$ cat data-v7.txt   # compact mmCIF, C-alpha atoms and all ligand atoms
# COMPACT_ATOMS: atom_id res chain seq x y z
CA MET W 175 -12.37 -7.90 9.97
CA LEU W 176 -9.07 -6.08 10.36
CA ASN W 177 -8.38 -3.89 7.33
CA ILE W 178 -4.99 -2.18 7.26
CA VAL W 179 -3.63 0.38 4.83
CA ILE W 180 0.16 0.04 4.76
CA PHE W 181 1.57 3.32 3.61
CA GLY W 182 4.89 5.03 2.95
CA ALA W 183 7.21 6.24 0.22
CA PRO W 184 8.55 3.83 -2.41
CA GLY W 185 11.18 1.68 -0.69
CA SER W 186 9.79 2.24 2.81
CA GLY W 187 9.32 -1.50 3.38
CA LYS W 188 5.58 -1.93 2.77
CA GLY W 189 5.98 -5.26 0.98
CA THR W 190 8.33 -6.73 3.60
CA GLN W 191 6.18 -5.69 6.57
CA SER W 192 3.00 -6.83 4.77
CA GLU W 193 4.43 -10.34 4.47
CA LEU W 194 5.13 -10.44 8.23
CA ILE W 195 1.69 -9.07 9.10
CA LEU W 196 -0.21 -11.52 6.93
CA ALA W 197 1.80 -14.48 8.24
CA LYS W 198 0.93 -13.55 11.85
CA TYR W 199 -2.62 -12.25 11.48
CA GLY W 200 -3.91 -14.23 8.49
CA LEU W 201 -4.92 -11.26 6.36
CA VAL W 202 -5.14 -11.13 2.57
CA HIS W 203 -2.45 -8.96 0.95
CA ILE W 204 -3.65 -6.69 -1.85
CA SER W 205 -0.67 -4.97 -3.47
CA THR W 206 -1.72 -2.88 -6.45
CA GLY W 207 1.90 -2.91 -7.70
CA ASP W 208 1.86 -6.76 -7.67
CA LEU W 209 -1.56 -6.83 -9.39
CA LEU W 210 -0.23 -4.52 -12.10
CA ARG W 211 2.99 -6.51 -12.54
CA ALA W 212 0.86 -9.68 -12.91
CA GLU W 213 -1.01 -7.95 -15.76
CA ILE W 214 2.30 -6.99 -17.38
CA ALA W 215 3.50 -10.61 -17.12
CA LYS W 216 0.47 -11.75 -19.16
CA GLY W 217 1.91 -9.82 -22.12
CA THR W 218 -1.49 -8.44 -23.20
CA GLU W 219 -2.06 -5.04 -24.80
CA MET W 220 -3.31 -3.87 -21.41
CA GLY W 221 -0.11 -5.20 -19.82
CA LYS W 222 2.03 -3.31 -22.32
CA PHE W 223 0.13 -0.11 -21.59
CA ILE W 224 0.61 -0.57 -17.84
CA ASP W 225 4.32 -1.32 -18.34
CA SER W 226 4.84 1.91 -20.30
CA LEU W 227 3.40 3.91 -17.37
CA ILE W 228 5.11 2.06 -14.51
CA SER W 229 8.58 2.17 -16.08
CA LYS W 230 8.30 5.95 -16.27
CA GLY W 231 7.10 6.14 -12.65
CA ASP W 232 3.64 7.41 -13.69
CA PHE W 233 0.37 6.36 -12.07
CA VAL W 234 -1.94 3.89 -13.76
CA PRO W 235 -5.47 5.31 -14.36
CA ASP W 236 -7.87 5.02 -11.42
CA GLU W 237 -10.51 3.16 -13.40
CA LEU W 238 -8.13 0.30 -14.09
CA ILE W 239 -6.79 0.12 -10.53
CA THR W 240 -10.30 0.21 -9.04
CA LYS W 241 -11.33 -2.73 -11.23
CA LEU W 242 -8.33 -4.85 -10.17
CA LEU W 243 -8.88 -3.93 -6.52
CA GLN W 244 -12.59 -4.70 -6.59
CA GLN W 245 -11.97 -8.11 -8.22
CA LYS W 246 -9.46 -9.06 -5.53
CA ILE W 247 -11.74 -7.95 -2.68
CA ASP W 248 -14.69 -9.87 -4.17
CA GLU W 249 -12.54 -12.98 -4.50
CA HIS W 250 -11.70 -13.05 -0.77
CA LYS W 251 -14.35 -11.08 1.12
CA GLU W 252 -16.37 -14.12 2.22
CA ASN W 253 -13.49 -16.07 3.68
CA CYS W 254 -10.81 -13.90 5.21
CA ASN W 255 -9.97 -12.08 8.46
CA GLY W 256 -9.37 -8.84 6.60
CA PHE W 257 -7.09 -7.16 4.10
CA ILE W 258 -3.75 -5.35 3.94
CA PHE W 259 -3.86 -2.68 1.24
CA ASP W 260 -0.35 -2.00 -0.08
CA GLY W 261 0.22 0.69 -2.72
CA TYR W 262 -3.40 1.80 -2.46
CA PRO W 263 -4.71 4.41 -1.76
CA ARG W 264 -2.08 6.61 -3.39
CA THR W 265 -4.25 9.72 -3.69
CA VAL W 266 -7.03 11.22 -1.57
CA ALA W 267 -9.51 10.30 -4.34
CA GLN W 268 -8.42 6.65 -4.04
CA ALA W 269 -8.82 6.82 -0.24
CA VAL W 270 -12.43 7.96 -0.74
CA THR W 271 -12.99 5.14 -3.26
CA LEU W 272 -11.60 2.56 -0.83
CA ASP W 273 -13.98 3.71 1.91
CA ARG W 274 -16.88 3.43 -0.54
CA ILE W 275 -15.91 -0.07 -1.74
CA LEU W 276 -15.51 -1.34 1.83
CA ASP W 277 -18.72 0.33 2.97
CA GLU W 278 -20.58 -1.71 0.34
CA ILE W 279 -19.55 -4.88 2.19
CA ASP W 280 -20.14 -3.33 5.65
CA GLN W 281 -16.43 -2.93 6.27
CA ARG W 282 -14.02 -0.06 6.83
CA VAL W 283 -10.31 0.67 6.94
CA SER W 284 -9.36 -0.04 10.55
CA PHE W 285 -6.24 2.14 10.39
CA MET W 286 -3.22 3.24 8.40
CA LEU W 287 0.37 2.28 9.21
CA ASP W 288 2.65 5.00 7.85
CA LEU W 289 6.20 3.64 7.45
CA GLN W 290 8.64 6.52 7.82
CA VAL W 291 12.16 6.31 6.40
CA ASP W 292 14.74 9.05 5.69
CA GLU W 293 14.90 9.96 2.02
CA SER W 294 18.61 9.13 1.52
CA GLU W 295 17.99 5.67 2.97
CA LEU W 296 14.99 5.16 0.64
CA VAL W 297 17.02 5.84 -2.49
CA GLU W 298 19.77 3.49 -1.34
CA ARG W 299 17.28 0.69 -0.63
CA LEU W 300 15.51 1.12 -3.99
CA LEU W 301 18.77 1.08 -5.96
CA LEU W 302 19.76 -2.10 -4.15
CA ARG W 303 16.36 -3.66 -4.90
CA GLY W 304 16.67 -2.64 -8.57
CA ALA W 305 20.09 -4.26 -8.85
CA LYS W 306 18.73 -7.52 -7.37
CA SER W 307 15.26 -7.75 -8.93
CA GLY W 308 15.68 -5.91 -12.20
CA ARG W 309 12.45 -3.95 -11.57
CA SER W 310 12.28 -1.48 -14.43
CA ASP W 311 11.23 1.39 -12.15
CA ASP W 312 14.07 1.00 -9.63
CA ASN W 313 16.63 3.19 -11.40
CA LEU W 314 17.78 6.60 -10.13
CA GLU W 315 15.79 8.73 -12.59
CA THR W 316 12.49 6.90 -12.04
CA ILE W 317 13.06 6.65 -8.28
CA GLN W 318 13.42 10.45 -8.05
CA LYS W 319 10.25 10.94 -10.08
CA ARG W 320 8.31 8.46 -7.93
CA LEU W 321 9.48 10.20 -4.76
CA ALA W 322 8.43 13.60 -6.16
CA ILE W 323 4.97 12.23 -7.07
CA TYR W 324 4.77 10.65 -3.62
CA HIS W 325 5.34 14.01 -1.90
CA GLU W 326 2.90 15.83 -4.14
CA LYS W 327 0.00 13.39 -4.50
CA THR W 328 0.41 10.59 -1.99
CA ALA W 329 1.59 12.25 1.22
CA PRO W 330 -1.78 14.14 1.59
CA VAL W 331 -3.43 10.74 2.09
CA GLU W 332 -1.87 10.78 5.59
CA GLN W 333 -4.06 13.73 6.57
CA PHE W 334 -7.14 11.92 5.28
CA TYR W 335 -6.55 9.15 7.84
CA GLN W 336 -5.40 11.57 10.56
CA HIS W 337 -8.67 13.48 10.26
CA THR W 338 -10.65 10.28 10.59
CA HIS W 339 -8.51 9.09 13.57
CA ARG W 340 -7.13 6.08 11.78
CA TYR W 341 -3.46 7.11 11.55
CA ASN W 342 -0.33 5.49 13.05
CA ALA W 343 3.26 6.49 12.32
CA VAL W 344 5.89 3.74 12.42
CA SER W 345 9.61 4.45 12.17
CA ASN W 346 11.36 2.16 9.72
CA ASN W 347 14.84 3.62 9.79
CA THR W 348 15.86 0.64 11.90
CA THR W 349 15.67 -3.11 11.34
CA VAL W 350 12.83 -5.15 9.84
CA ALA W 351 12.27 -6.81 13.23
CA ASN W 352 12.15 -3.52 15.13
CA CYS W 353 9.62 -2.10 12.69
CA PHE W 354 7.47 -5.23 12.93
CA ASN W 355 7.54 -5.03 16.75
CA GLN W 356 6.04 -1.54 16.58
CA ILE W 357 3.39 -2.77 14.14
CA LYS W 358 2.44 -5.76 16.32
CA LYS W 359 1.85 -3.41 19.28
CA ILE W 360 -0.47 -1.22 17.20
CA ILE W 361 -2.44 -4.17 15.82
CA ASP W 362 -2.73 -5.94 19.17
CA HIS W 363 -3.84 -2.73 20.86
CA PHE W 364 -6.49 -2.20 18.18
CA LYS W 365 -7.74 -5.77 18.54
CA VAL W 366 -8.15 -5.41 22.29
CA GLN W 367 -9.93 -2.06 21.93
CA LYS W 368 -12.20 -2.77 18.99
CA ILE W 369 -12.51 -6.48 18.51
CA GLY W 370 -11.98 -7.79 22.05
P1 LIG W 401 6.50 1.42 -4.87
O1 LIG W 401 5.63 1.62 -3.65
O2 LIG W 401 7.88 0.98 -4.54
O3 LIG W 401 6.46 2.58 -5.83
P2 LIG W 401 4.52 -0.42 -6.04
O4 LIG W 401 4.81 -1.83 -6.39
O5 LIG W 401 3.52 -0.16 -4.97
O6 LIG W 401 5.95 0.18 -5.69
O7 LIG W 401 4.03 0.39 -7.34
C1 LIG W 401 4.78 0.40 -8.55
C2 LIG W 401 4.11 1.30 -9.59
O8 LIG W 401 2.78 0.79 -9.90
C3 LIG W 401 3.85 2.75 -9.16
O9 LIG W 401 4.98 3.58 -9.33
C4 LIG W 401 2.71 3.12 -10.13
O10 LIG W 401 3.20 3.34 -11.43
C5 LIG W 401 1.87 1.86 -10.17
N1 LIG W 401 0.79 1.85 -9.13
C6 LIG W 401 0.77 1.03 -8.03
N2 LIG W 401 -0.31 1.31 -7.26
C7 LIG W 401 -0.98 2.31 -7.88
C8 LIG W 401 -2.16 3.06 -7.58
N3 LIG W 401 -2.86 2.82 -6.45
N4 LIG W 401 -2.56 4.03 -8.43
C9 LIG W 401 -1.87 4.28 -9.55
N5 LIG W 401 -0.74 3.63 -9.92
C10 LIG W 401 -0.28 2.65 -9.08
$ encode --input "data-v7.txt" --output "structure tokens" --more "lines below"
Ligand code: ADP
Amino acid sequence: MLNIVIFGAPGSGKGTQSELILAKYGLVHISTGDLLRAEIAKGTEMGKFIDSLISKGDFVPDELITKLLQQKIDEHKENCNGFIFDGYPRTVAQAVTLDRILDEIDQRVSFMLDLQVDESELVERLLLRGAKSGRSDDNLETIQKRLAIYHEKTAPVEQFYQHTHRYNAVSNNTTVANCFNQIKKIIDHFKVQKIG
């Protein structure tokens, strides 16, 4: 299996690049943000609780995220080429949990793709997305909070993958196609090296 962590600040293009990767390589996309928004759409008490956190830009508790993640992995593990993890791990503790969950099914994270975008560009892209999609967390105040949390809690996850030699930086200041070209090279190189 090929298991990719797609990483980067909010607005760095993880969702867009994930779609391109899964179309070409047949992986299953696990976006914790999408899983949470699906819970919100159900209108349950749990969904309302999640909504109150997400709209403020706060993290959802680990226990809840781990349960959603585990369910999705269990659903697909027997019949897929691998996974793209998008929005997870967001903390070093979550990175450790992901290694443990994958180890239980004799799998591991193959590597991380870290999408790098200048901060001013990120804010512009998120405001544009908010105007189009109406996502409650894509307003200036919440965007700034999410970026601050990203720098404090999420950026250290990079080092976790660097130390275990599973890190790749990808510049996404350019076009969608240019970014995807860089990603294809990394994936194809990995496949030749490790899978053959
Ligand atoms: P973005 O990467 O643009 O912030 P996501 O769709 O990945 O968007 O996540 C939206 C929100 O969902 C986050 O701001 C957070 O509140 C919540 N969330 C998503 N993934 C996680 C996670 N792994 N741990 C805790 N909260 C999460």
$ residues_around --input "data-v7.txt" --residues "Arg282 of chain W" --least-positions-apart "5" --cutoff "12 Å" --atoms "all atoms listed in the file" --output "PyMOL selection string"
chain W and resi 175-179+256-259+269-277+335+338+340
$ closest_residue --input "data-v7.txt" --among "W:Glu249, W:Asp232, W:Asp292, W:Asp260" --to "Ile317 of chain W" --atoms "all atoms listed in the file"
W:Asp232
$ residues_around --input "data-v7.txt" --residues "Thr316 of chain W" --least-positions-apart "3" --cutoff "8 Å" --atoms "only C-alpha atoms" --output "list of chain:residue names"
W:Ser229, W:Lys230, W:Gly231, W:Asp311, W:Asp312, W:Asn313, W:Lys319, W:Arg320
$ atom_distance --input "data-v7.txt" --atom1 "atom O8 of ligand LIG 401 (chain W)" --atom2 "atom CA of Ile214 of chain W"
10.8 Å
$ closest_atom_pairs --input "data-v7.txt" --of "chain W" --to "ligand LIG 401 (chain W)" --cutoff "9 Å" --atoms "all atoms listed in the file" --output "Markdown table"
| residue | atom | partner | partner_atom | distance |
| --- | --- | --- | --- | --- |
| W:Phe181 | CA | W:LIG401 | O1 | 8.5 |
| W:Gly182 | CA | W:LIG401 | O1 | 7.5 |
| W:Ala183 | CA | W:LIG401 | O1 | 6.2 |
| W:Pro184 | CA | W:LIG401 | O2 | 3.6 |
| W:Gly185 | CA | W:LIG401 | O2 | 5.1 |
| W:Ser186 | CA | W:LIG401 | O2 | 7.7 |
| W:Gly187 | CA | W:LIG401 | O2 | 8.4 |
| W:Lys188 | CA | W:LIG401 | O1 | 7.3 |
| W:Gly189 | CA | W:LIG401 | O4 | 8.2 |
| W:Ser205 | CA | W:LIG401 | O5 | 6.6 |
| W:Thr206 | CA | W:LIG401 | N2 | 4.5 |
| W:Gly207 | CA | W:LIG401 | O4 | 3.4 |
| W:Asp208 | CA | W:LIG401 | O4 | 5.9 |
| W:Leu209 | CA | W:LIG401 | C6 | 8.3 |
| W:Leu210 | CA | W:LIG401 | O8 | 6.5 |
| W:Arg211 | CA | W:LIG401 | O8 | 7.8 |
| W:Ile224 | CA | W:LIG401 | O10 | 7.9 |
| W:Asp225 | CA | W:LIG401 | O10 | 8.4 |
| W:Leu227 | CA | W:LIG401 | O10 | 6.0 |
| W:Ile228 | CA | W:LIG401 | O10 | 3.8 |
| W:Ser229 | CA | W:LIG401 | O10 | 7.2 |
| W:Lys230 | CA | W:LIG401 | O10 | 7.5 |
| W:Gly231 | CA | W:LIG401 | O9 | 4.7 |
| W:Asp232 | CA | W:LIG401 | O10 | 4.7 |
| W:Phe233 | CA | W:LIG401 | N5 | 3.6 |
| W:Val234 | CA | W:LIG401 | N5 | 4.0 |
| W:Pro235 | CA | W:LIG401 | C9 | 6.1 |
| W:Asp236 | CA | W:LIG401 | N4 | 6.2 |
| W:Leu238 | CA | W:LIG401 | C9 | 8.7 |
| W:Ile239 | CA | W:LIG401 | N4 | 6.1 |
| W:Thr240 | CA | W:LIG401 | N3 | 8.3 |
| W:Asp260 | CA | W:LIG401 | O5 | 6.5 |
| W:Gly261 | CA | W:LIG401 | O5 | 4.1 |
| W:Tyr262 | CA | W:LIG401 | N3 | 4.2 |
| W:Pro263 | CA | W:LIG401 | N3 | 5.3 |
| W:Arg264 | CA | W:LIG401 | N3 | 4.9 |
| W:Thr265 | CA | W:LIG401 | N3 | 7.6 |
| W:Gln268 | CA | W:LIG401 | N3 | 7.2 |
| W:Leu300 | CA | W:LIG401 | O2 | 7.7 |
| W:Asp311 | CA | W:LIG401 | O9 | 7.2 |
| W:Asp312 | CA | W:LIG401 | O2 | 8.0 |
| W:Thr316 | CA | W:LIG401 | O9 | 8.6 |
| W:Ile317 | CA | W:LIG401 | O3 | 8.1 |
| W:Arg320 | CA | W:LIG401 | O9 | 6.1 |
| W:Leu321 | CA | W:LIG401 | O3 | 8.3 |
| W:Ile323 | CA | W:LIG401 | O9 | 8.9 |
| W:Tyr324 | CA | W:LIG401 | O3 | 8.5 |
$ atom_distance --input "data-v7.txt" --atom1 "atom CA of Thr348 of chain W" --atom2 "atom CA of Gln367 of chain W"
27.8 Å
$ decode --input "data-v7.txt" --residues "segment 186-221 of chain W" --atoms "N, CA, C and O atoms" --output "PDB file, in the first residue's frame"
ATOM      1  N   SER W 186      -3.614  25.553   1.920  1.00  0.00           N
ATOM      2  CA  SER W 186      -2.396  25.257   1.149  1.00  0.00           C
ATOM      3  C   SER W 186      -2.671  24.349  -0.047  1.00  0.00           C
ATOM      4  O   SER W 186      -1.755  24.045  -0.807  1.00  0.00           O
ATOM      5  N   GLY W 187      -3.920  23.897  -0.188  1.00  0.00           N
ATOM      6  CA  GLY W 187      -4.275  23.118  -1.381  1.00  0.00           C
ATOM      7  C   GLY W 187      -4.311  21.617  -1.156  1.00  0.00           C
ATOM      8  O   GLY W 187      -4.259  20.838  -2.116  1.00  0.00           O
ATOM      9  N   LYS W 188      -4.432  21.189   0.081  1.00  0.00           N
ATOM     10  CA  LYS W 188      -4.422  19.747   0.383  1.00  0.00           C
ATOM     11  C   LYS W 188      -5.585  19.021  -0.294  1.00  0.00           C
ATOM     12  O   LYS W 188      -5.395  17.957  -0.862  1.00  0.00           O
ATOM     13  N   GLY W 189      -6.781  19.624  -0.197  1.00  0.00           N
ATOM     14  CA  GLY W 189      -7.958  18.980  -0.790  1.00  0.00           C
ATOM     15  C   GLY W 189      -7.834  18.849  -2.301  1.00  0.00           C
ATOM     16  O   GLY W 189      -8.074  17.777  -2.870  1.00  0.00           O
ATOM     17  N   THR W 190      -7.413  19.929  -2.951  1.00  0.00           N
ATOM     18  CA  THR W 190      -7.281  19.944  -4.419  1.00  0.00           C
ATOM     19  C   THR W 190      -6.263  18.911  -4.874  1.00  0.00           C
ATOM     20  O   THR W 190      -6.521  18.113  -5.786  1.00  0.00           O
ATOM     21  N   GLN W 191      -5.089  18.897  -4.253  1.00  0.00           N
ATOM     22  CA  GLN W 191      -4.042  17.953  -4.672  1.00  0.00           C
ATOM     23  C   GLN W 191      -4.448  16.516  -4.327  1.00  0.00           C
ATOM     24  O   GLN W 191      -4.143  15.588  -5.084  1.00  0.00           O
ATOM     25  N   SER W 192      -5.178  16.333  -3.210  1.00  0.00           N
ATOM     26  CA  SER W 192      -5.628  14.982  -2.856  1.00  0.00           C
ATOM     27  C   SER W 192      -6.512  14.397  -3.947  1.00  0.00           C
ATOM     28  O   SER W 192      -6.382  13.232  -4.319  1.00  0.00           O
ATOM     29  N   GLU W 193      -7.423  15.241  -4.464  1.00  0.00           N
ATOM     30  CA  GLU W 193      -8.320  14.776  -5.534  1.00  0.00           C
ATOM     31  C   GLU W 193      -7.510  14.287  -6.738  1.00  0.00           C
ATOM     32  O   GLU W 193      -7.814  13.256  -7.334  1.00  0.00           O
ATOM     33  N   LEU W 194      -6.479  15.034  -7.111  1.00  0.00           N
ATOM     34  CA  LEU W 194      -5.659  14.666  -8.278  1.00  0.00           C
ATOM     35  C   LEU W 194      -4.888  13.371  -7.993  1.00  0.00           C
ATOM     36  O   LEU W 194      -4.784  12.494  -8.854  1.00  0.00           O
ATOM     37  N   ILE W 195      -4.371  13.255  -6.773  1.00  0.00           N
ATOM     38  CA  ILE W 195      -3.587  12.060  -6.425  1.00  0.00           C
ATOM     39  C   ILE W 195      -4.477  10.822  -6.451  1.00  0.00           C
ATOM     40  O   ILE W 195      -4.122   9.779  -7.002  1.00  0.00           O
ATOM     41  N   LEU W 196      -5.663  10.928  -5.848  1.00  0.00           N
ATOM     42  CA  LEU W 196      -6.488   9.717  -5.782  1.00  0.00           C
ATOM     43  C   LEU W 196      -7.016   9.320  -7.150  1.00  0.00           C
ATOM     44  O   LEU W 196      -7.175   8.128  -7.434  1.00  0.00           O
ATOM     45  N   ALA W 197      -7.245  10.311  -8.034  1.00  0.00           N
ATOM     46  CA  ALA W 197      -7.697   9.971  -9.383  1.00  0.00           C
ATOM     47  C   ALA W 197      -6.592   9.215 -10.133  1.00  0.00           C
ATOM     48  O   ALA W 197      -6.859   8.269 -10.861  1.00  0.00           O
ATOM     49  N   LYS W 198      -5.331   9.592  -9.922  1.00  0.00           N
ATOM     50  CA  LYS W 198      -4.250   8.947 -10.679  1.00  0.00           C
ATOM     51  C   LYS W 198      -3.785   7.640 -10.033  1.00  0.00           C
ATOM     52  O   LYS W 198      -3.456   6.687 -10.724  1.00  0.00           O
ATOM     53  N   TYR W 199      -3.762   7.603  -8.705  1.00  0.00           N
ATOM     54  CA  TYR W 199      -3.145   6.447  -8.046  1.00  0.00           C
ATOM     55  C   TYR W 199      -4.154   5.525  -7.334  1.00  0.00           C
ATOM     56  O   TYR W 199      -3.756   4.547  -6.712  1.00  0.00           O
ATOM     57  N   GLY W 200      -5.439   5.869  -7.399  1.00  0.00           N
ATOM     58  CA  GLY W 200      -6.465   4.994  -6.844  1.00  0.00           C
ATOM     59  C   GLY W 200      -6.386   4.817  -5.341  1.00  0.00           C
ATOM     60  O   GLY W 200      -6.583   3.708  -4.831  1.00  0.00           O
ATOM     61  N   LEU W 201      -6.080   5.887  -4.630  1.00  0.00           N
ATOM     62  CA  LEU W 201      -6.021   5.781  -3.169  1.00  0.00           C
ATOM     63  C   LEU W 201      -7.358   6.218  -2.563  1.00  0.00           C
ATOM     64  O   LEU W 201      -8.166   6.846  -3.230  1.00  0.00           O
ATOM     65  N   VAL W 202      -7.559   5.890  -1.293  1.00  0.00           N
ATOM     66  CA  VAL W 202      -8.766   6.337  -0.599  1.00  0.00           C
ATOM     67  C   VAL W 202      -8.433   7.620   0.168  1.00  0.00           C
ATOM     68  O   VAL W 202      -7.449   7.666   0.909  1.00  0.00           O
ATOM     69  N   HIS W 203      -9.261   8.641  -0.022  1.00  0.00           N
ATOM     70  CA  HIS W 203      -9.029   9.947   0.610  1.00  0.00           C
ATOM     71  C   HIS W 203      -9.692   9.980   1.979  1.00  0.00           C
ATOM     72  O   HIS W 203     -10.897   9.774   2.088  1.00  0.00           O
ATOM     73  N   ILE W 204      -8.910  10.213   3.020  1.00  0.00           N
ATOM     74  CA  ILE W 204      -9.501  10.385   4.352  1.00  0.00           C
ATOM     75  C   ILE W 204      -9.218  11.808   4.804  1.00  0.00           C
ATOM     76  O   ILE W 204      -8.102  12.136   5.215  1.00  0.00           O
ATOM     77  N   SER W 205     -10.232  12.671   4.699  1.00  0.00           N
ATOM     78  CA  SER W 205     -10.092  14.056   5.147  1.00  0.00           C
ATOM     79  C   SER W 205     -10.855  14.183   6.457  1.00  0.00           C
ATOM     80  O   SER W 205     -12.084  14.007   6.487  1.00  0.00           O
ATOM     81  N   THR W 206     -10.147  14.474   7.536  1.00  0.00           N
ATOM     82  CA  THR W 206     -10.846  14.576   8.831  1.00  0.00           C
ATOM     83  C   THR W 206     -11.818  15.757   8.808  1.00  0.00           C
ATOM     84  O   THR W 206     -12.889  15.687   9.390  1.00  0.00           O
ATOM     85  N   GLY W 207     -11.458  16.847   8.102  1.00  0.00           N
ATOM     86  CA  GLY W 207     -12.370  17.987   7.989  1.00  0.00           C
ATOM     87  C   GLY W 207     -13.684  17.551   7.319  1.00  0.00           C
ATOM     88  O   GLY W 207     -14.771  17.871   7.796  1.00  0.00           O
ATOM     89  N   ASP W 208     -13.578  16.763   6.228  1.00  0.00           N
ATOM     90  CA  ASP W 208     -14.793  16.279   5.536  1.00  0.00           C
ATOM     91  C   ASP W 208     -15.590  15.343   6.444  1.00  0.00           C
ATOM     92  O   ASP W 208     -16.821  15.398   6.480  1.00  0.00           O
ATOM     93  N   LEU W 209     -14.897  14.473   7.185  1.00  0.00           N
ATOM     94  CA  LEU W 209     -15.603  13.546   8.090  1.00  0.00           C
ATOM     95  C   LEU W 209     -16.375  14.342   9.147  1.00  0.00           C
ATOM     96  O   LEU W 209     -17.516  14.019   9.468  1.00  0.00           O
ATOM     97  N   LEU W 210     -15.734  15.399   9.651  1.00  0.00           N
ATOM     98  CA  LEU W 210     -16.390  16.218  10.680  1.00  0.00           C
ATOM     99  C   LEU W 210     -17.571  16.983  10.097  1.00  0.00           C
ATOM    100  O   LEU W 210     -18.641  17.061  10.704  1.00  0.00           O
ATOM    101  N   ARG W 211     -17.374  17.535   8.883  1.00  0.00           N
ATOM    102  CA  ARG W 211     -18.488  18.284   8.263  1.00  0.00           C
ATOM    103  C   ARG W 211     -19.660  17.348   7.945  1.00  0.00           C
ATOM    104  O   ARG W 211     -20.821  17.745   8.019  1.00  0.00           O
ATOM    105  N   ALA W 212     -19.368  16.068   7.654  1.00  0.00           N
ATOM    106  CA  ALA W 212     -20.453  15.093   7.422  1.00  0.00           C
ATOM    107  C   ALA W 212     -21.228  14.868   8.727  1.00  0.00           C
ATOM    108  O   ALA W 212     -22.451  14.729   8.705  1.00  0.00           O
ATOM    109  N   GLU W 213     -20.532  14.855   9.853  1.00  0.00           N
ATOM    110  CA  GLU W 213     -21.208  14.712  11.148  1.00  0.00           C
ATOM    111  C   GLU W 213     -22.093  15.926  11.418  1.00  0.00           C
ATOM    112  O   GLU W 213     -23.210  15.797  11.893  1.00  0.00           O
ATOM    113  N   ILE W 214     -21.561  17.117  11.094  1.00  0.00           N
ATOM    114  CA  ILE W 214     -22.340  18.347  11.316  1.00  0.00           C
ATOM    115  C   ILE W 214     -23.636  18.293  10.477  1.00  0.00           C
ATOM    116  O   ILE W 214     -24.712  18.625  10.957  1.00  0.00           O
ATOM    117  N   ALA W 215     -23.485  17.819   9.225  1.00  0.00           N
ATOM    118  CA  ALA W 215     -24.638  17.794   8.309  1.00  0.00           C
ATOM    119  C   ALA W 215     -25.752  16.891   8.828  1.00  0.00           C
ATOM    120  O   ALA W 215     -26.922  17.075   8.483  1.00  0.00           O
ATOM    121  N   LYS W 216     -25.399  15.902   9.673  1.00  0.00           N
ATOM    122  CA  LYS W 216     -26.430  15.000  10.210  1.00  0.00           C
ATOM    123  C   LYS W 216     -27.324  15.717  11.229  1.00  0.00           C
ATOM    124  O   LYS W 216     -28.383  15.219  11.581  1.00  0.00           O
ATOM    125  N   GLY W 217     -26.841  16.854  11.737  1.00  0.00           N
ATOM    126  CA  GLY W 217     -27.664  17.651  12.666  1.00  0.00           C
ATOM    127  C   GLY W 217     -27.825  17.030  14.051  1.00  0.00           C
ATOM    128  O   GLY W 217     -28.721  17.428  14.799  1.00  0.00           O
ATOM    129  N   THR W 218     -26.982  16.075  14.397  1.00  0.00           N
ATOM    130  CA  THR W 218     -27.066  15.442  15.730  1.00  0.00           C
ATOM    131  C   THR W 218     -26.462  16.353  16.797  1.00  0.00           C
ATOM    132  O   THR W 218     -25.843  17.367  16.488  1.00  0.00           O
ATOM    133  N   GLU W 219     -26.636  15.950  18.064  1.00  0.00           N
ATOM    134  CA  GLU W 219     -26.019  16.702  19.167  1.00  0.00           C
ATOM    135  C   GLU W 219     -24.502  16.739  18.978  1.00  0.00           C
ATOM    136  O   GLU W 219     -23.851  17.763  19.184  1.00  0.00           O
ATOM    137  N   MET W 220     -23.959  15.571  18.591  1.00  0.00           N
ATOM    138  CA  MET W 220     -22.513  15.486  18.330  1.00  0.00           C
ATOM    139  C   MET W 220     -22.107  16.472  17.230  1.00  0.00           C
ATOM    140  O   MET W 220     -21.111  17.175  17.343  1.00  0.00           O
ATOM    141  N   GLY W 221     -22.927  16.533  16.177  1.00  0.00           N
ATOM    142  CA  GLY W 221     -22.661  17.441  15.057  1.00  0.00           C
ATOM    143  C   GLY W 221     -22.663  18.890  15.515  1.00  0.00           C
ATOM    144  O   GLY W 221     -21.819  19.691  15.094  1.00  0.00           O
TER     145      GLY W 221
END
